[in-house]
There are 2 protein chains.
Amino acid sequence: MKQKIQRSYIREILDATNKETISFAGGLPNENLFPMDKLKNASIKVLENSMSMQYSKSQGLDNLREKIAKLYTEYFDFPTTKDEILITTGSQQAFDIISKTFIEKEVLVQTPTYIGALSAFKVLDLKVKGFNYIGSLNYELKKESGLYIMSDFANPNAKSLDKIERKEISHILNKTNSYLIEDGAYSLLDFEGKIEKPISALYKKSFHLGSFSKIVAPGLRVGWIRSDRRLIEKILVSKEALDLHTPTLNQMILNQFLEDNDLFEHLKIVRDNYKDKMEFMSNCFKKYIPSFKFEKPKGGMFIYGRFDEDSFKLAKEVLKKNIAFVPAQVFFADNKKTKEARFNFTNSSKIEIEKGIKEISKILTLRSESIWFKMFKERLFS
Amino acid sequence: MKQKIQRSYIREILDATNKETISFAGGLPNENLFPMDKLKNASIKVLENSMSMQYSKSQGLDNLREKIAKLYTEYFDFPTTKDEILITTGSQQAFDIISKTFIEKEVLVQTPTYIGALSAFKVLDLKVKGFNYIGSLNYELKKESGLYIMSDFANPNAKSLDKIERKEISHILNKTNSYLIEDGAYSLLDFEGKIEKPISALYKKSFHLGSFSKIVAPGLRVGWIRSDRRLIEKILVSKEALDLHTPTLNQMILNQFLEDNDLFEHLKIVRDNYKDKMEFMSNCFKKYIPSFKFEKPKGGMFIYGRFDEDSFKLAKEVLKKNIAFVPAQVFFADNKKTKEARFNFTNSSKIEIEKGIKEISKILTLRSESIWFKMFKERLFS
């Protein structure tokens, strides 16, 4: 029997939201920061060429792959050529094509971890198991299995691995000879602009996933896989069978955008804005819901913390008032109950952030008042 | 062990071709017929809205799905609502998400059939079996298995099923309760503009696949699945896990294009041009390679016929002279040797068509001369 998979709670929320919803739920970048004029100019240029609307190579356009390779070589301290890059339709697609080709049975993931990765693995009938600390990988990671890691500003908890942890993981991988899937979706979103060397640079049987979704715009659905040339050749078969190739137009628009503009100039604007929003949301939490415990993130798009109560129930209640956040339960491979929750700070305005958190605090206060009232009644009539 | 899949011979040819190659190999529409100005105007309009670059719904944009539903209702005699449409990243993606969700073991396919479908099924470790005539489905088609059919101007042999055949297939499907995957990639490419009612209109557990690739432009990679609402809801999970959603920008461009233009006016231009090219190629074959046996197609993009010799060897030889066509061997699930071959007539100019076929005829003549010479020598010295 095919494994029964639930639709992603987050995608369901995204589908359910309307213009009135204050949503901290999605992983949506801020559309007001999309470089629309520059993307429009790039589009107009490439639409002069009818080949932008024609079929193209399964591996992706040469000139775009060259630019991505350069990004690794120059900024990630990870020498790369265009043959080591495969363009994917969003980095989401990478999970499917890598797993299909290489992973037999099991994938180990961080706890908590990105829900889209969990679904992708489960749809392929793979066993997904969370590991709690790096040392446990020594006995939990099996041969020919996969390890999925987000090293920088992980979704959902915004944590990064330090240099020692990266080394330790590469060491364990070398012993077990398993496949590393390292997700770099947020790697360029350090508020101070720092860029860390990926674990993939220390281990050959690795796939480093990248995406333009968080650094330019997600509506183009262009991501990539960086890997050893021979591994790229193998996954090319699955990529081709899946959608022949990633849209030519979208690849050409991005290539033109990168040719005519400085990506890091654009990124500086994004990072500064996100840092400001994060600080603002942090202050709102401190002011209105001091019981919500969290550490301020140093990059990425989320504040991850802990309520005093089951966050799944709270999220459902809050959604009735048209406010959305994600209870962390959905980020655990075993779907365990938790008080933790993820808040996105990039897609809402400051007014919405304050209004939303105030509203949640009201719900919490009403609830605790009704608990007091209940206790009071019980005392009175007992 | 994961099933070992070869890269598609056609995609390899596409990757290998250069500007000098005369290629009859790909299924490429003619880029000179892409409505570039109209697509550019549509793009400029939608790029005014930053939501064109944002994440969007997994099922696809409402307004585009409405337009596709209307196409079925008004032109295919197949009443359809937008809830019965799921937008896919090229119709190629449909094979993966349908099979993953519903097909347990086996898919029956026409012989010969579309190579991209064969790879998609094989990548998922499904058993793929060709059937030779419709009656044989009565005992070959098993419960919970899949049947893949291209009813109109099939790739590669350009044949269509008549009304009686369609009824017969729906009758067998009703008995076995299996899943029908009906591919309508070429359904709107009848040279006279006729449109046939799909088998899917006669059977509920069916998926009718459509695509803008052949009727507008393939570089956008936008296709769709038409199915029962409850089946759509089920495959939505796989779609979402695969690439979250099809690029927002591309869907909005197509929606705007369809809003501002008459699709059928554009299609008339395409169909007339393709018919003219087909007649020209037919005449070239008759003139230069009269031994190549074929029936003139009534629509679609291919001439399919039979050489006097193994077409795989011939294709390899011809490729050395920078001319590409596809030997039919790759279109058979069991990869059997054949003398048949597929020629695309849409993507080349008349000059290229004549030059290419003349060149192949030269190779054939030289070869037969050398055979005569060999026989002559043998006689002489025996």
# chains A, B, ... in the order shown; residues from 1 in each chain; ligands from 1
$ residues_around --residues "Gly223 in chain B" --least-positions-apart "4" --cutoff "7 Å" --atoms "only C-alpha atoms" --output "list of chain:residue names"
B:Ile87, B:Thr88, B:Thr89, B:Gly90, B:Ser91, B:Gly210, B:Ser211, B:Phe212
$ select_by_dssp --residues "range 197-293 of chain A" --states "strand (DSSP E or B)" --output "list of chain:residue names"
A:Ser206, A:Phe207, A:His208, A:Leu209, A:Gly210, A:Ser211, A:Gly223, A:Trp224, A:Ile225, A:Arg226, A:Ser227, A:Lys293
$ atom_distance --atom1 "CA of Gln110 in chain B" --atom2 "CA of Phe191 in chain B"
23.1 Å
$ closest_residue --among "B:Val330, B:Val107, B:Ile115, B:Val237" --to "Leu137 in chain B" --atoms "only C-alpha atoms"
B:Val107
$ residues_around --residues "Asp83 in chain B" --least-positions-apart "6" --cutoff "10 Å" --atoms "only C-alpha atoms" --output "PyMOL selection string"
chain B and resi 59+62+65-66+69+226-230+232-233
$ write_last_selection --atoms "N, CA and C atoms" --output "mmCIF file, in the first residue's frame"
data_model
loop_
_atom_site.group_PDB
_atom_site.id
_atom_site.type_symbol
_atom_site.label_atom_id
_atom_site.label_comp_id
_atom_site.auth_asym_id
_atom_site.auth_seq_id
_atom_site.Cartn_x
_atom_site.Cartn_y
_atom_site.Cartn_z
ATOM 1 N N GLN B 59 -2.333 24.030 -6.020
ATOM 2 C CA GLN B 59 -3.200 23.540 -7.101
ATOM 3 C C GLN B 59 -3.093 24.401 -8.358
ATOM 4 N N ASP B 62 -6.309 30.264 -9.596
ATOM 5 C CA ASP B 62 -7.745 30.093 -9.865
ATOM 6 C C ASP B 62 -8.143 30.526 -11.275
ATOM 7 N N ARG B 65 -6.938 28.165 -13.965
ATOM 8 C CA ARG B 65 -7.668 26.891 -13.907
ATOM 9 C C ARG B 65 -9.084 27.045 -14.468
ATOM 10 N N GLU B 66 -9.683 28.201 -14.209
ATOM 11 C CA GLU B 66 -11.009 28.468 -14.777
ATOM 12 C C GLU B 66 -10.977 28.451 -16.306
ATOM 13 N N ALA B 69 -10.598 24.906 -17.560
ATOM 14 C CA ALA B 69 -11.869 24.185 -17.376
ATOM 15 C C ALA B 69 -12.846 24.544 -18.498
ATOM 16 N N ARG B 226 -6.541 17.084 -15.620
ATOM 17 C CA ARG B 226 -7.980 17.215 -15.434
ATOM 18 C C ARG B 226 -8.471 15.895 -14.857
ATOM 19 N N SER B 227 -9.099 15.946 -13.703
ATOM 20 C CA SER B 227 -9.588 14.710 -13.101
ATOM 21 C C SER B 227 -10.749 14.988 -12.171
ATOM 22 N N ASP B 228 -11.289 13.922 -11.620
ATOM 23 C CA ASP B 228 -12.331 14.031 -10.608
ATOM 24 C C ASP B 228 -11.777 14.814 -9.418
ATOM 25 N N ARG B 229 -12.646 15.629 -8.821
ATOM 26 C CA ARG B 229 -12.229 16.508 -7.736
ATOM 27 C C ARG B 229 -11.545 15.767 -6.587
ATOM 28 N N ARG B 230 -12.103 14.596 -6.243
ATOM 29 C CA ARG B 230 -11.515 13.862 -5.106
ATOM 30 C C ARG B 230 -10.153 13.275 -5.441
ATOM 31 N N ILE B 232 -8.072 14.711 -7.597
ATOM 32 C CA ILE B 232 -7.190 15.891 -7.597
ATOM 33 C C ILE B 232 -6.703 16.181 -6.181
ATOM 34 N N GLU B 233 -7.638 16.127 -5.225
ATOM 35 C CA GLU B 233 -7.248 16.401 -3.836
ATOM 36 C C GLU B 233 -6.170 15.439 -3.357
#
$ atom_distance --atom1 "CA of Lys70 in chain B" --atom2 "CA of Leu28 in chain B"
26.8 Å
$ residues_around --residues "range 17-23 of chain B" --least-positions-apart "5" --cutoff "9 Å" --atoms "only C-alpha atoms" --output "short mmCIF file (atom, residue, chain, number, x, y, z; two decimals) with N, CA and C atoms, in the first residue's frame"
data_model
loop_
_atom_site.label_atom_id
_atom_site.label_comp_id
_atom_site.auth_asym_id
_atom_site.auth_seq_id
_atom_site.Cartn_x
_atom_site.Cartn_y
_atom_site.Cartn_z
N GLU B 12 19.43 13.29 -24.94
CA GLU B 12 20.87 13.27 -25.21
C GLU B 12 21.17 13.91 -26.56
N LEU B 319 23.76 10.77 -37.66
CA LEU B 319 24.13 11.78 -36.67
C LEU B 319 25.57 12.25 -36.88
N LYS B 321 26.86 12.84 -39.61
CA LYS B 321 26.76 13.89 -40.64
C LYS B 321 25.94 15.07 -40.13
N ASN B 322 25.74 15.12 -38.80
CA ASN B 322 25.02 16.23 -38.17
C ASN B 322 23.53 16.32 -38.54
N ILE B 323 22.93 15.15 -38.76
CA ILE B 323 21.49 15.12 -38.97
C ILE B 323 20.90 14.16 -37.94
N ALA B 324 19.83 14.60 -37.28
CA ALA B 324 19.27 13.78 -36.20
C ALA B 324 17.82 13.40 -36.46
N PHE B 325 17.50 12.10 -36.28
CA PHE B 325 16.11 11.67 -36.19
C PHE B 325 16.05 10.60 -35.12
N PHE B 343 10.19 11.31 -37.45
CA PHE B 343 10.74 12.58 -37.95
C PHE B 343 9.84 13.74 -37.53
N ASN B 344 10.43 14.72 -36.84
CA ASN B 344 9.70 15.93 -36.51
C ASN B 344 9.79 16.91 -37.66
N ASN B 347 10.04 21.85 -36.43
CA ASN B 347 11.10 22.74 -35.96
C ASN B 347 12.13 23.14 -37.02
N SER B 348 12.08 22.49 -38.18
CA SER B 348 13.07 22.82 -39.21
C SER B 348 12.44 23.67 -40.32
N GLU B 352 16.09 23.22 -44.62
CA GLU B 352 16.72 22.19 -43.78
C GLU B 352 16.08 20.82 -44.02
N ILE B 353 14.76 20.81 -44.14
CA ILE B 353 14.07 19.52 -44.36
C ILE B 353 14.60 18.86 -45.64
N LYS B 355 17.38 19.49 -47.31
CA LYS B 355 18.81 19.19 -47.19
C LYS B 355 19.03 17.92 -46.36
N GLY B 356 18.32 17.84 -45.24
CA GLY B 356 18.49 16.70 -44.33
C GLY B 356 18.08 15.39 -44.98
#
$ atom_distance --atom1 "CA of Glu309 in chain B" --atom2 "CA of Lys339 in chain B"
5.4 Å
$ residues_around --residues "Ala201 in chain B" --least-positions-apart "6" --cutoff "12 Å" --atoms "only C-alpha atoms" --output "VMD selection string"
chain B and resid 72 to 73 76 to 80 166 to 167 169 to 170 180 182 207 to 208 226 to 228
$ select_by_dssp --residues "range 127-373 of chain B" --states "alpha helix (DSSP H)" --output "VMD selection string"
chain B and resid 137 to 140 163 to 176 229 to 243 248 to 260 263 to 288 311 to 320 350 to 373
$ residues_around --residues "range 125-134 of chain B" --least-positions-apart "6" --cutoff "9 Å" --atoms "only C-alpha atoms" --output "short mmCIF file (atom, residue, chain, number, x, y, z; two decimals) with N, CA and C atoms, in the first residue's frame"
data_model
loop_
_atom_site.label_atom_id
_atom_site.label_comp_id
_atom_site.auth_asym_id
_atom_site.auth_seq_id
_atom_site.Cartn_x
_atom_site.Cartn_y
_atom_site.Cartn_z
N LYS B 2 17.81 0.18 -6.67
CA LYS B 2 17.08 1.11 -7.55
C LYS B 2 17.26 0.65 -9.00
N GLN B 3 16.14 0.73 -9.77
CA GLN B 3 16.18 0.37 -11.18
C GLN B 3 17.14 1.31 -11.92
N SER B 99 1.38 8.59 -10.72
CA SER B 99 1.88 7.23 -10.44
C SER B 99 2.22 7.05 -8.97
N ILE B 103 -0.52 4.34 -8.60
CA ILE B 103 -0.17 3.10 -9.30
C ILE B 103 0.79 2.26 -8.46
N GLU B 104 0.37 1.02 -8.22
CA GLU B 104 1.15 0.15 -7.34
C GLU B 104 2.31 -0.53 -8.07
N LYS B 105 2.00 -1.14 -9.21
CA LYS B 105 3.00 -2.03 -9.81
C LYS B 105 3.24 -1.81 -11.29
N GLU B 106 2.14 -1.76 -12.06
CA GLU B 106 2.30 -1.91 -13.50
C GLU B 106 1.55 -0.83 -14.28
N VAL B 107 2.15 -0.42 -15.39
CA VAL B 107 1.45 0.47 -16.32
C VAL B 107 1.49 -0.17 -17.71
N LEU B 108 0.32 -0.21 -18.35
CA LEU B 108 0.27 -0.66 -19.74
C LEU B 108 0.34 0.54 -20.66
N VAL B 109 1.11 0.42 -21.71
CA VAL B 109 1.27 1.54 -22.64
C VAL B 109 1.08 1.06 -24.08
N GLN B 110 0.74 2.01 -24.96
CA GLN B 110 0.66 1.70 -26.38
C GLN B 110 2.05 1.34 -26.91
N THR B 111 2.09 0.61 -28.02
CA THR B 111 3.38 0.35 -28.67
C THR B 111 3.33 0.89 -30.09
N PRO B 112 4.18 1.78 -30.46
CA PRO B 112 5.16 2.50 -29.65
C PRO B 112 4.49 3.60 -28.82
N THR B 113 5.25 4.18 -27.87
CA THR B 113 4.68 5.26 -27.05
C THR B 113 5.72 6.33 -26.70
N LEU B 118 7.64 6.64 -20.55
CA LEU B 118 8.37 5.42 -20.20
C LEU B 118 9.40 5.69 -19.10
N GLU B 140 -5.01 -8.25 -20.22
CA GLU B 140 -3.72 -7.73 -19.75
C GLU B 140 -3.83 -6.67 -18.66
N GLU B 165 -13.06 2.85 -30.85
CA GLU B 165 -11.92 2.43 -30.02
C GLU B 165 -11.96 3.09 -28.64
N GLU B 168 -14.56 1.35 -26.60
CA GLU B 168 -14.11 0.02 -26.21
C GLU B 168 -13.14 0.11 -25.03
N ILE B 169 -12.22 1.05 -25.08
CA ILE B 169 -11.25 1.21 -23.98
C ILE B 169 -11.97 1.60 -22.69
N PHE B 332 9.62 1.76 -27.59
CA PHE B 332 9.01 0.50 -27.18
C PHE B 332 9.44 0.16 -25.76
N ALA B 333 8.47 -0.24 -24.95
CA ALA B 333 8.75 -0.55 -23.55
C ALA B 333 9.83 -1.62 -23.44
N ASP B 334 9.85 -2.56 -24.40
CA ASP B 334 10.84 -3.64 -24.32
C ASP B 334 12.08 -3.34 -25.16
#
$ closest_residue --among "A:Glu340, A:Glu31, A:Glu84, A:Asp272" --to "Gly300 in chain A" --atoms "only C-alpha atoms"
A:Asp272
$ closest_residue --among "A:Phe285, A:Tyr75, A:Phe121, A:Tyr114" --to "chain B" --atoms "only C-alpha atoms"
A:Phe121
$ closest_residue --among "A:Ala42, A:Ala120, A:Ile164, A:Ile68" --to "Asp96 in chain A" --atoms "only C-alpha atoms"
A:Ala120
$ closest_residue --among "B:Val318, B:Ala154, B:Ala341, B:Ile235" --to "chain A" --atoms "only C-alpha atoms"
B:Ile235
$ residues_around --residues "Leu64 in chain A" --least-positions-apart "5" --cutoff "8 Å" --atoms "only C-alpha atoms" --output "list of chain:residue names"
A:Gln251, A:Met252, A:Leu254, A:Asn255
